[in-house]
Structures are given as C-alpha cells and as structure tokens.
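S.K.: My structure file data_6.cif, mmCIF, C-alpha atoms, is below:
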data_target
loop_
_atom_site.group_PDB
_atom_site.id
_atom_site.type_symbol
_atom_site.label_atom_id
_atom_site.label_comp_id
_atom_site.auth_asym_id
_atom_site.auth_seq_id
_atom_site.Cartn_x
_atom_site.Cartn_y
_atom_site.Cartn_z
ATOM 1 C CA MET A 1 9.100 26.092 23.662
ATOM 2 C CA ASN A 2 8.271 29.528 22.429
ATOM 3 C CA LYS A 3 10.369 29.422 19.285
ATOM 4 C CA LEU A 4 9.022 26.228 17.774
ATOM 5 C CA PRO A 5 5.443 27.316 17.063
ATOM 6 C CA ARG A 6 6.696 30.602 15.632
ATOM 7 C CA PHE A 7 8.968 28.775 13.247
ATOM 8 C CA TYR A 8 6.154 26.520 12.136
ATOM 9 C CA THR A 9 3.921 29.434 11.228
ATOM 10 C CA PHE A 10 6.098 30.012 8.157
ATOM 11 C CA ALA A 11 5.133 26.522 7.043
ATOM 12 C CA ALA A 12 1.613 27.881 6.525
ATOM 13 C CA PRO A 13 1.109 28.681 2.818
ATOM 14 C CA SER A 14 -0.521 32.010 3.734
ATOM 15 C CA ARG A 15 2.572 33.165 5.631
ATOM 16 C CA PHE A 16 4.941 31.892 2.983
ATOM 17 C CA TYR A 17 2.924 33.591 0.243
ATOM 18 C CA ARG A 18 3.246 37.028 1.821
ATOM 19 C CA LEU A 19 6.863 36.714 2.945
ATOM 20 C CA ALA A 20 8.043 35.317 -0.409
ATOM 21 C CA GLY A 21 6.153 37.982 -2.322
ATOM 22 C CA TRP A 22 7.908 40.690 -0.370
ATOM 23 C CA THR A 23 11.402 39.222 -0.965
ATOM 24 C CA VAL A 24 11.161 38.495 -4.726
ATOM 25 C CA PRO A 25 12.095 42.003 -6.016
ATOM 26 C CA TRP A 26 15.078 42.100 -3.635
ATOM 27 C CA PHE A 27 16.362 38.743 -4.818
ATOM 28 C CA TYR A 28 16.069 39.845 -8.439
ATOM 29 C CA ALA A 29 17.883 43.104 -7.637
ATOM 30 C CA VAL A 30 20.742 41.317 -5.851
ATOM 31 C CA ALA A 31 21.009 38.865 -8.768
ATOM 32 C CA VAL A 32 21.335 41.685 -11.326
ATOM 33 C CA VAL A 33 23.876 43.663 -9.289
ATOM 34 C CA PHE A 34 26.078 40.648 -8.570
ATOM 35 C CA ALA A 35 25.825 39.374 -12.163
ATOM 36 C CA LEU A 36 26.958 42.765 -13.510
ATOM 37 C CA ALA A 37 29.855 42.873 -11.044
ATOM 38 C CA GLY A 38 30.798 39.277 -11.837
ATOM 39 C CA LEU A 39 30.658 39.857 -15.601
ATOM 40 C CA TYR A 40 32.791 42.974 -15.259
ATOM 41 C CA MET A 41 35.363 41.101 -13.191
ATOM 42 C CA GLY A 42 35.214 38.100 -15.493
ATOM 43 C CA PHE A 43 35.618 39.919 -18.792
ATOM 44 C CA PHE A 44 37.557 43.078 -17.944
ATOM 45 C CA VAL A 45 39.650 42.334 -14.873
ATOM 46 C CA ALA A 46 40.461 38.599 -14.913
ATOM 47 C CA PRO A 47 43.504 37.891 -17.109
ATOM 48 C CA VAL A 48 43.572 35.547 -20.069
ATOM 49 C CA ASP A 49 44.409 31.920 -19.199
ATOM 50 C CA ALA A 50 47.898 30.765 -20.196
ATOM 51 C CA THR A 51 46.793 27.422 -21.647
ATOM 52 C CA GLN A 52 43.111 27.834 -22.529
ATOM 53 C CA GLY A 53 43.100 31.411 -23.810
ATOM 54 C CA ASN A 54 39.771 33.175 -23.465
ATOM 55 C CA ALA A 55 37.748 29.954 -23.694
ATOM 56 C CA TYR A 56 38.234 29.504 -19.948
ATOM 57 C CA ARG A 57 35.867 32.457 -19.291
ATOM 58 C CA ILE A 58 32.997 29.987 -19.572
ATOM 59 C CA ILE A 59 33.985 28.885 -16.058
ATOM 60 C CA PHE A 60 32.266 31.965 -14.588
ATOM 61 C CA ILE A 61 28.855 30.552 -15.481
ATOM 62 C CA HIS A 62 29.630 26.851 -15.878
ATOM 63 C CA VAL A 63 30.706 26.232 -12.290
ATOM 64 C CA PRO A 64 27.871 28.259 -10.658
ATOM 65 C CA ALA A 65 25.316 26.483 -12.898
ATOM 66 C CA ALA A 66 26.737 23.076 -11.947
ATOM 67 C CA TRP A 67 26.726 23.972 -8.240
ATOM 68 C CA MET A 68 23.137 25.205 -8.455
ATOM 69 C CA SER A 69 22.064 22.008 -10.223
ATOM 70 C CA MET A 70 23.248 19.987 -7.215
ATOM 71 C CA VAL A 71 22.195 22.405 -4.467
ATOM 72 C CA LEU A 72 18.692 22.788 -5.897
ATOM 73 C CA TYR A 73 18.325 19.019 -6.200
ATOM 74 C CA MET A 74 19.208 18.559 -2.522
ATOM 75 C CA ALA A 75 16.776 21.348 -1.614
ATOM 76 C CA MET A 76 14.057 19.737 -3.763
ATOM 77 C CA ALA A 77 14.620 16.280 -2.264
ATOM 78 C CA GLY A 78 14.806 17.752 1.250
ATOM 79 C CA TRP A 79 11.552 19.711 0.993
ATOM 80 C CA ALA A 80 9.836 16.780 -0.741
ATOM 81 C CA ALA A 81 10.907 14.548 2.170
ATOM 82 C CA VAL A 82 9.666 17.073 4.758
ATOM 83 C CA GLY A 83 6.389 17.407 2.880
ATOM 84 C CA TRP A 84 5.935 13.655 2.887
ATOM 85 C CA ALA A 85 7.114 12.912 6.445
ATOM 86 C CA PHE A 86 5.264 15.742 8.186
ATOM 87 C CA ASN A 87 2.398 16.101 5.731
ATOM 88 C CA ALA A 88 3.477 19.706 5.213
ATOM 89 C CA ARG A 89 1.761 21.152 2.139
ATOM 90 C CA MET A 90 4.070 24.110 1.703
ATOM 91 C CA ALA A 91 7.199 21.932 1.695
ATOM 92 C CA SER A 92 5.792 19.781 -1.112
ATOM 93 C CA MET A 93 4.842 22.893 -3.065
ATOM 94 C CA LEU A 94 8.384 24.240 -2.675
ATOM 95 C CA ALA A 95 9.819 20.965 -3.954
ATOM 96 C CA ARG A 96 7.699 21.271 -7.087
ATOM 97 C CA ALA A 97 8.653 24.922 -7.520
ATOM 98 C CA LEU A 98 12.360 24.055 -7.312
ATOM 99 C CA ALA A 99 12.309 21.333 -9.971
ATOM 100 C CA PRO A 100 12.102 23.402 -13.196
ATOM 101 C CA THR A 101 14.828 25.826 -12.075
ATOM 102 C CA GLY A 102 17.038 22.935 -10.996
ATOM 103 C CA ALA A 103 16.486 21.197 -14.322
ATOM 104 C CA ALA A 104 17.340 24.432 -16.137
ATOM 105 C CA PHE A 105 20.618 24.869 -14.247
ATOM 106 C CA THR A 106 21.482 21.226 -14.960
ATOM 107 C CA PHE A 107 20.845 21.767 -18.653
ATOM 108 C CA LEU A 108 22.902 24.982 -18.571
ATOM 109 C CA ALA A 109 25.783 23.210 -16.811
ATOM 110 C CA LEU A 110 25.769 20.568 -19.553
ATOM 111 C CA TRP A 111 25.368 23.152 -22.321
ATOM 112 C CA THR A 112 28.152 25.481 -21.138
ATOM 113 C CA GLY A 113 30.260 22.384 -20.449
ATOM 114 C CA ALA A 114 29.811 21.242 -24.049
ATOM 115 C CA PHE A 115 30.801 24.695 -25.315
ATOM 116 C CA TRP A 116 33.876 24.560 -23.127
ATOM 117 C CA GLY A 117 34.731 20.937 -23.912
ATOM 118 C CA LYS A 118 34.756 21.426 -27.660
ATOM 119 C CA PRO A 119 37.660 23.935 -27.786
ATOM 120 C CA THR A 120 39.620 22.379 -24.903
ATOM 121 C CA TRP A 121 39.032 18.608 -25.308
ATOM 122 C CA GLY A 122 38.018 18.585 -28.958
ATOM 123 C CA ALA A 123 34.609 17.033 -28.201
ATOM 124 C CA TRP A 124 31.177 18.448 -27.331
ATOM 125 C CA TRP A 125 30.434 15.367 -25.275
ATOM 126 C CA VAL A 126 32.254 12.415 -23.774
ATOM 127 C CA TRP A 127 30.802 9.574 -21.701
ATOM 128 C CA ASP A 128 32.863 10.566 -18.727
ATOM 129 C CA ALA A 129 31.741 9.924 -15.128
ATOM 130 C CA ARG A 130 31.177 13.609 -14.319
ATOM 131 C CA LEU A 131 29.239 14.362 -17.505
ATOM 132 C CA THR A 132 27.193 11.164 -17.402
ATOM 133 C CA SER A 133 26.165 11.566 -13.758
ATOM 134 C CA GLU A 134 25.166 15.197 -14.453
ATOM 135 C CA LEU A 135 23.056 13.995 -17.391
ATOM 136 C CA ILE A 136 21.370 11.495 -15.052
ATOM 137 C CA LEU A 137 20.611 14.428 -12.725
ATOM 138 C CA LEU A 138 18.768 16.132 -15.593
ATOM 139 C CA PHE A 139 16.718 12.962 -16.150
ATOM 140 C CA LEU A 140 15.920 12.791 -12.414
ATOM 141 C CA TYR A 141 14.590 16.348 -12.492
ATOM 142 C CA LEU A 142 12.543 15.638 -15.619
ATOM 143 C CA GLY A 143 11.319 12.362 -14.120
ATOM 144 C CA PHE A 144 10.206 14.128 -10.938
ATOM 145 C CA MET A 145 8.343 16.785 -12.916
ATOM 146 C CA ALA A 146 6.671 14.233 -15.207
ATOM 147 C CA LEU A 147 5.692 11.985 -12.291
ATOM 148 C CA VAL A 148 4.039 14.668 -10.153
ATOM 149 C CA GLU A 149 2.171 16.006 -13.189
ATOM 150 C CA ALA A 150 0.984 12.529 -14.196
ATOM 151 C CA ILE A 151 -0.841 11.783 -10.919
ATOM 152 C CA ASP A 152 -4.139 13.602 -10.442
ATOM 153 C CA ASP A 153 -4.391 13.312 -6.667
ATOM 154 C CA THR A 154 -2.145 16.200 -5.581
ATOM 155 C CA ARG A 155 -0.912 14.802 -2.278
ATOM 156 C CA ARG A 156 -0.341 11.331 -3.738
ATOM 157 C CA ALA A 157 1.626 12.957 -6.537
ATOM 158 C CA ASP A 158 3.701 14.800 -3.918
ATOM 159 C CA GLN A 159 4.449 11.522 -2.142
ATOM 160 C CA ALA A 160 5.410 9.656 -5.310
ATOM 161 C CA GLY A 161 7.613 12.585 -6.320
ATOM 162 C CA ALA A 162 9.230 12.634 -2.880
ATOM 163 C CA LEU A 163 10.148 8.957 -3.168
ATOM 164 C CA LEU A 164 11.766 9.516 -6.566
ATOM 165 C CA ALA A 165 13.584 12.654 -5.360
ATOM 166 C CA ILE A 166 14.941 10.959 -2.220
ATOM 167 C CA VAL A 167 16.173 7.849 -4.063
ATOM 168 C CA GLY A 168 17.694 10.054 -6.760
ATOM 169 C CA ALA A 169 19.579 12.122 -4.166
ATOM 170 C CA VAL A 170 22.224 9.380 -4.087
ATOM 171 C CA ASN A 171 23.331 10.699 -7.475
ATOM 172 C CA VAL A 172 24.419 14.096 -6.093
ATOM 173 C CA PRO A 173 27.472 12.881 -4.124
ATOM 174 C CA ILE A 174 28.299 10.664 -7.105
ATOM 175 C CA ILE A 175 28.465 13.762 -9.312
ATOM 176 C CA TYR A 176 30.506 15.677 -6.789
ATOM 177 C CA PHE A 177 33.085 12.952 -6.118
ATOM 178 C CA SER A 178 33.094 11.500 -9.660
ATOM 179 C CA VAL A 179 36.261 13.395 -10.548
ATOM 180 C CA ARG A 180 38.015 11.776 -7.605
ATOM 181 C CA TRP A 181 36.549 8.276 -7.739
ATOM 182 C CA TRP A 182 37.123 7.732 -11.438
ATOM 183 C CA ASN A 183 39.775 8.763 -13.868
ATOM 184 C CA THR A 184 37.848 11.396 -15.772
ATOM 185 C CA LEU A 185 38.584 13.849 -18.531
ATOM 186 C CA HIS A 186 36.801 16.494 -16.478
ATOM 187 C CA GLN A 187 39.059 18.533 -14.234
ATOM 188 C CA GLY A 188 38.921 18.301 -10.453
ATOM 189 C CA ALA A 189 36.948 20.465 -8.056
ATOM 190 C CA SER A 190 37.355 24.212 -8.660
ATOM 191 C CA ILE A 191 37.139 25.041 -4.982
ATOM 192 C CA SER A 192 38.509 22.876 -2.221
ATOM 193 C CA MET A 193 37.955 23.366 1.476
ATOM 194 C CA THR A 194 41.347 21.922 2.308
ATOM 195 C CA ALA A 195 43.683 23.379 -0.319
ATOM 196 C CA ALA A 196 44.603 26.902 -1.345
ATOM 197 C CA PRO A 197 42.748 28.138 -4.434
ATOM 198 C CA SER A 198 44.564 27.121 -7.595
ATOM 199 C CA MET A 199 43.236 29.948 -9.751
ATOM 200 C CA ALA A 200 43.986 33.659 -9.896
ATOM 201 C CA SER A 201 42.091 35.586 -7.228
ATOM 202 C CA THR A 202 40.305 37.779 -9.794
ATOM 203 C CA MET A 203 39.010 34.637 -11.523
ATOM 204 C CA LEU A 204 37.859 33.223 -8.215
ATOM 205 C CA THR A 205 36.167 36.497 -7.236
ATOM 206 C CA SER A 206 34.313 36.628 -10.526
ATOM 207 C CA MET A 207 33.125 33.043 -10.151
ATOM 208 C CA LEU A 208 31.920 33.668 -6.600
ATOM 209 C CA LEU A 209 30.080 36.858 -7.620
ATOM 210 C CA MET A 210 28.309 34.899 -10.357
ATOM 211 C CA THR A 211 27.486 32.189 -7.834
ATOM 212 C CA VAL A 212 25.789 34.690 -5.518
ATOM 213 C CA ALA A 213 23.881 36.028 -8.545
ATOM 214 C CA CYS A 214 22.705 32.502 -9.421
ATOM 215 C CA TRP A 215 21.596 31.774 -5.845
ATOM 216 C CA SER A 216 19.659 35.013 -5.675
ATOM 217 C CA TYR A 217 18.111 34.440 -9.106
ATOM 218 C CA ALA A 218 17.083 30.933 -8.055
ATOM 219 C CA PHE A 219 15.413 32.226 -4.872
ATOM 220 C CA ALA A 220 13.470 34.840 -6.830
ATOM 221 C CA VAL A 221 12.197 32.626 -9.626
ATOM 222 C CA VAL A 222 11.437 29.676 -7.324
ATOM 223 C CA PHE A 223 9.483 31.950 -4.974
ATOM 224 C CA VAL A 224 7.411 33.334 -7.854
ATOM 225 C CA ARG A 225 6.648 29.797 -9.012
ATOM 226 C CA ALA A 226 5.909 28.641 -5.458
ATOM 227 C CA ARG A 227 3.424 31.505 -5.010
ATOM 228 C CA ALA A 228 1.752 30.489 -8.275
ATOM 229 C CA ILE A 229 1.467 26.902 -7.003
ATOM 230 C CA VAL A 230 0.030 28.131 -3.683
ATOM 231 C CA LEU A 231 -2.692 30.043 -5.560
ATOM 232 C CA GLU A 232 -3.388 27.104 -7.869
ATOM 233 C CA ARG A 233 -3.863 24.743 -4.961
ATOM 234 C CA GLU A 234 -5.438 26.969 -2.337
ATOM 235 C CA ARG A 235 -7.663 29.218 -4.424
ATOM 236 C CA THR A 236 -10.814 27.904 -2.789
ATOM 237 C CA THR A 237 -9.573 28.550 0.746
ATOM 238 C CA GLU A 238 -10.747 31.320 2.983
ATOM 239 C CA TRP A 239 -7.362 33.086 3.247
ATOM 240 C CA VAL A 240 -6.800 33.321 -0.519
ATOM 241 C CA GLN A 241 -10.281 34.681 -1.090
ATOM 242 C CA THR A 242 -9.905 37.172 1.754
ATOM 243 C CA LEU A 243 -6.541 38.258 0.370
ATOM 244 C CA LEU A 244 -7.858 38.686 -3.166
ATOM 245 C CA GLY A 245 -11.023 40.318 -1.915
ATOM 246 C CA SER A 246 -9.032 42.998 -0.119
ATOM 247 C CA SER A 247 -6.865 43.522 -3.207
ATOM 248 C CA LEU A 248 -10.039 44.029 -5.287
ATOM 249 C CA GLU A 249 -11.305 46.650 -2.874
ATOM 250 C CA GLY A 250 -7.904 48.312 -2.940
ATOM 251 C CA ALA A 251 -8.049 48.531 -6.742
ATOM 252 C CA SER A 252 -11.508 50.021 -6.982
ATOM 253 C CA MET B 1 42.360 42.424 -19.100
ATOM 254 C CA ASN B 2 42.543 45.217 -21.665
ATOM 255 C CA TRP B 3 40.685 44.751 -24.916
ATOM 256 C CA ASN B 4 41.952 46.923 -27.753
ATOM 257 C CA SER B 5 38.666 47.009 -29.669
ATOM 258 C CA ALA B 6 35.097 45.814 -29.533
ATOM 259 C CA GLY B 7 35.916 43.411 -32.364
ATOM 260 C CA GLU B 8 38.683 41.851 -30.318
ATOM 261 C CA PHE B 9 36.318 41.542 -27.356
ATOM 262 C CA PHE B 10 33.659 39.719 -29.361
ATOM 263 C CA ALA B 11 36.230 37.485 -31.051
ATOM 264 C CA MET B 12 37.446 36.272 -27.622
ATOM 265 C CA GLY B 13 40.780 35.266 -29.104
ATOM 266 C CA GLY B 14 39.080 32.944 -31.582
ATOM 267 C CA TYR B 15 36.783 31.383 -28.974
ATOM 268 C CA GLY B 16 33.868 33.755 -29.587
ATOM 269 C CA LEU B 17 31.460 31.023 -30.681
ATOM 270 C CA TYR B 18 32.072 28.983 -27.519
ATOM 271 C CA VAL B 19 32.091 31.847 -25.036
ATOM 272 C CA TRP B 20 29.067 33.660 -26.477
ATOM 273 C CA GLY B 21 27.285 30.390 -27.236
ATOM 274 C CA SER B 22 27.467 29.628 -23.511
ATOM 275 C CA TYR B 23 26.672 33.068 -22.164
ATOM 276 C CA GLY B 24 23.954 33.698 -24.748
ATOM 277 C CA VAL B 25 21.903 30.621 -23.912
ATOM 278 C CA MET B 26 22.259 31.199 -20.164
ATOM 279 C CA ALA B 27 21.253 34.866 -20.469
ATOM 280 C CA LEU B 28 18.315 34.003 -22.727
ATOM 281 C CA TRP B 29 17.034 31.422 -20.257
ATOM 282 C CA MET B 30 17.399 33.829 -17.336
ATOM 283 C CA VAL B 31 15.124 36.259 -19.142
ATOM 284 C CA VAL B 32 12.598 33.655 -20.312
ATOM 285 C CA GLU B 33 12.233 31.705 -17.053
ATOM 286 C CA PRO B 34 11.194 34.671 -14.854
ATOM 287 C CA LEU B 35 8.658 35.657 -17.536
ATOM 288 C CA LEU B 36 7.208 32.128 -17.612
ATOM 289 C CA ALA B 37 7.035 31.978 -13.806
ATOM 290 C CA GLN B 38 5.390 35.405 -13.675
ATOM 291 C CA ARG B 39 2.879 34.342 -16.322
ATOM 292 C CA ARG B 40 1.990 31.237 -14.343
ATOM 293 C CA PHE B 41 1.526 33.370 -11.221
ATOM 294 C CA SER B 42 -0.680 35.890 -13.035
ATOM 295 C CA ALA B 43 -2.779 33.093 -14.543
ATOM 296 C CA ALA B 44 -3.253 31.439 -11.145
ATOM 297 C CA ARG B 45 -4.212 34.787 -9.610
ATOM 298 C CA LEU B 46 -6.712 35.448 -12.377
ATOM 299 C CA VAL B 47 -8.429 32.084 -11.864
ATOM 300 C CA ALA B 48 -8.606 32.685 -8.112
ATOM 301 C CA LEU B 49 -9.965 36.204 -8.686
ATOM 302 C CA GLU B 50 -12.698 34.853 -10.962
ATOM 303 C CA LEU B 51 -13.760 32.514 -8.165
ATOM 304 C CA GLU B 52 -13.827 35.480 -5.816
ATOM 305 C CA THR B 53 -15.975 37.684 -8.057
ATOM 306 C CA SER B 54 -18.363 34.875 -8.995
ATOM 307 C CA GLY B 55 -18.697 33.951 -5.324
ATOM 308 C CA GLU B 56 -18.605 30.267 -6.275
ATOM 309 C CA TRP B 57 -15.752 29.348 -3.973
ATOM 310 C CA GLN B 58 -18.068 28.937 -0.992
#
Do you think you could lay out the structure here as structure tokens?
M.R.:
Amino acid sequence: MNKLPRFYTFAAPSRFYRLAGWTVPWFYAVAVVFALAGLYMGFFVAPVDATQGNAYRIIFIHVPAAWMSMVLYMAMAGWAAVGWAFNARMASMLARALAPTGAAFTFLALWTGAFWGKPTWGAWWVWDARLTSELILLFLYLGFMALVEAIDDTRRADQAGALLAIVGAVNVPIIYFSVRWWNTLHQGASISMTAAPSMASTMLTSMLLMTVACWSYAFAVVFVRARAIVLERERTTEWVQTLLGSSLEGAS
Amino acid sequence: MNWNSAGEFFAMGGYGLYVWGSYGVMALWMVVEPLLAQRRFSAARLVALELETSGEWQ
C-alpha cells in the first residue's frame, strides 16, 4: 500500500508543476537532436524511391504527424475521463493542454498528406475513408476546445469536454483500420507488428527518429501549456502564492 | 543519397514545391506553437505575480 499514495502525489497540480517545469528543456533538447538526425537520414542517407521519386520524403513527417494526432487524442480522452471519473483537477488540465497540440498534428497530417497526394494521386484531397476520418478527428479536437471554452464553470466545462472526447474516441480505431476496412486510395499501414517492414531500413530509421522527435516535442509544448493552465486556475491558492513569493525574494 | 548541388537538393527532382511545402509549414508551426505556449505561461505567471504583490489573493 506504500506505492499508491506516492503515485497519487503527482496528481497534485503543485507536484506536476515543478516536475513538468524541470523536464521541459530536456524534452525540447531531445526533440531537436532527434529531428536533426532524422532529417539528415531522411534527406542525405535514404535513397530516392523507385516509383515516387523524391516526393516520398514527405513520409518522414507525414506518418509521425498522423500517429501523434491519434496518440494525443487517446491521451486527451483518457485524461479527460480520469479527470471526470475521479474528480482529478490535474488530469482535466492535461486534457485541455493536449488538445491544441493534437489539433495541430492532425492539421499537419492532413496538410502534408495533401502535398503528398497531389504529385502521387493527382489530387490534393479525396473523400477517402482515411482522409475523411482524419478530418473528423480535427473537428473533434476543435469541438472539444470550443466546448470547454464556451462553458464558464471550469469543472462543468471539463466534464462536458470529457463526454465529447470519450464519445469521439471511437473515431481513432476507425482512422487506424480505415485502410483495411474500406477500399481506399490511401496506402496501408506503414508499420505492421506482424509483417516485416516493407520499406528500406534507412527510410524506416529516419521515420522513427522523426517520430521520437515529435513525441518529445509534444511532451515539451503540452507541459508548458499545462503549467500555464495550472497557474491560470490555481493562482489564488496558497502553494502558487508561496512559490511565486519565494521566486520574488530570489530575484531581489 | 548524394546531391550534386544545392539547386538539385532544393528542386527535389521536380517535387520541391510539395516536399518544401510540407516541411515548411510543419517547421513554421513547431517554432510558433512553443512561442505561443510560452507566452501563455508568462502571461499566467504575470497575473499570479500581480495578485501576490497586491496581496489581494487572501
């Protein structure tokens, strides 16, 4: 029974605020290093594609962005659910902090997809199952953000947002399996757990390096936003005022 | 992959618009978003600090 209370202490906004603040520079640093390595691999080591020429190099950001759009949605819905079910303030704040970054990655997945679709399919956009379900994901993110901002009572807004996020989570497996369930123009999964990788190993390495960079970037920017939300909500509490008071003394 | 010149690199075999149109927007956003998040954090900290110095929070 010793471990449980210790784990829960990180659910306290004051603990989260300090821990997250300490990790942010490291996450940014890892993101930059991995992005540089991934870009080097992607542009100077990976060979040109036999059928798509150099247009295929969009894959190194398109696939990580699309993965992040889904992963961040599940994280947002998960934390929103925890915040609602256990009345955990920090979880609800994290859900709100995740939404803009998730929406951005969704937009970027659609944008880079359009710039890849045009030279390879001849169209910026098609109403294909994969593309359409990803567009719905963008609307779910925007809907969540608009809903929680529209309700003045903070905790009620969190609950309404949680309901939307949880119901919308059904869309994530639809996106993922859309290329299998329907006959789509979009190609199948880039990485499969059951089959050997179908792309050159340098291409795969580059894509995975960029994926690590995107994860690390997402942690950093979401933590900064989450700390901002903590301050916005808890500025009248004892711990924030004590913390800021000590920082004032330190400055003078 | 060996590029013979910078011009060849930026041309991307005729796909320059698509490749750089993708990478450019993503890179731009990844500079802008951290700045926006940092600005929101600084603003929130400033408001909380004003409460602290005015002593109104109690």
S.K.: Which one of A:Met76, A:Ile59, A:Leu204, A:Ala218 sits closest to Phe105 in chain A if you count all atoms listed in the file?
M.R.: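 With all atoms listed in the file as the atom set, the closest residue is A:Ala218.
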S.K.: Please measure the separation of CA of Trp84 in chain A and CA of Ser42 in chain B, giving the value in Å to one decimal.
M.R.: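 Distance between the two atoms: 28.1 Å.
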S.K.: Got a sec to pull out which chain A residues are within 9 Å of chain B, counting only C-alpha atoms, and send them as a PyMOL selection string?
M.R.: chain A and resi 43-48+53-58+61-62+101+104-105+108+111-116+118-119+217+220-222+224-232+234-238+240-242+244-245+248
S.K.: Name the closest residue to Thr184 in chain A among the candidates A:Arg96, A:Arg130, A:Arg155, A:Arg18; distances are taken between atoms, counting only C-alpha atoms.
M.R.: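 Residue with the minimum atom-to-atom distance to Thr184 in chain A: A:Arg130.
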S.K.: Report, in Å with one decimal, the straight-line distance from CA of Trp215 in chain A to CA of Asp158 in chain A.
M.R.: 24.7 Å
S.K.: Please, what distance in Å, to one decimal, runs between CA of Ser216 in chain A and CA of Met90 in chain A?
M.R.: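 Computed distance, CA of Ser216 in chain A to CA of Met90 in chain A, equals 20.4 Å.
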S.K.: Excluding Phe60 in chain A and residues on its chain fewer than 4 positions from it, collect all residues at most 8 Å away from it, counting only C-alpha atoms, and give them as a PyMOL selection string.
M.R.: chain A and resi 38+42+64+203+206-207+210
S.K.: Evaluate the PyMOL selection byres ((chain A and resi 89) around 12) against this structure - the residues, as a PyMOL selection string, please.
M.R.: chain A and resi 10-14+16+79-88+90-96+154-159+226+229-230+233-234
S.K.: Could you give me range 97-110 of chain A completed to N, CA and C atoms, formatted as a CSV table (one decimal), in the frame of the given file?
M.R.:
chain,number,residue,atom,x,y,z
A,97,ALA,N,8.2,23.6,-7.0
A,97,ALA,CA,8.7,24.9,-7.5
A,97,ALA,C,10.1,24.9,-7.8
A,98,LEU,N,10.9,24.1,-7.1
A,98,LEU,CA,12.4,24.1,-7.3
A,98,LEU,C,12.7,23.3,-8.6
A,99,ALA,N,11.9,22.3,-8.9
A,99,ALA,CA,12.3,21.3,-10.0
A,99,ALA,C,12.6,22.0,-11.3
A,100,PRO,N,11.8,22.9,-11.9
A,100,PRO,CA,12.1,23.4,-13.2
A,100,PRO,C,13.4,24.2,-13.2
A,101,THR,N,13.6,25.0,-12.1
A,101,THR,CA,14.8,25.8,-12.1
A,101,THR,C,16.1,24.9,-11.9
A,102,GLY,N,15.9,23.9,-11.1
A,102,GLY,CA,17.0,22.9,-11.0
A,102,GLY,C,17.3,22.3,-12.3
A,103,ALA,N,16.3,21.8,-13.0
A,103,ALA,CA,16.5,21.2,-14.3
A,103,ALA,C,17.2,22.2,-15.3
A,104,ALA,N,16.8,23.4,-15.2
A,104,ALA,CA,17.3,24.4,-16.1
A,104,ALA,C,18.8,24.6,-15.9
A,105,PHE,N,19.2,24.7,-14.6
A,105,PHE,CA,20.6,24.9,-14.2
A,105,PHE,C,21.4,23.6,-14.7
A,106,THR,N,20.8,22.5,-14.5
A,106,THR,CA,21.5,21.2,-15.0
A,106,THR,C,21.7,21.3,-16.5
A,107,PHE,N,20.7,21.6,-17.2
A,107,PHE,CA,20.8,21.8,-18.7
A,107,PHE,C,21.9,22.8,-19.0
A,108,LEU,N,21.9,23.9,-18.3
A,108,LEU,CA,22.9,25.0,-18.6
A,108,LEU,C,24.3,24.5,-18.2
A,109,ALA,N,24.5,23.7,-17.2
A,109,ALA,CA,25.8,23.2,-16.8
A,109,ALA,C,26.3,22.3,-17.9
A,110,LEU,N,25.4,21.5,-18.5
A,110,LEU,CA,25.8,20.6,-19.6
A,110,LEU,C,26.1,21.4,-20.8
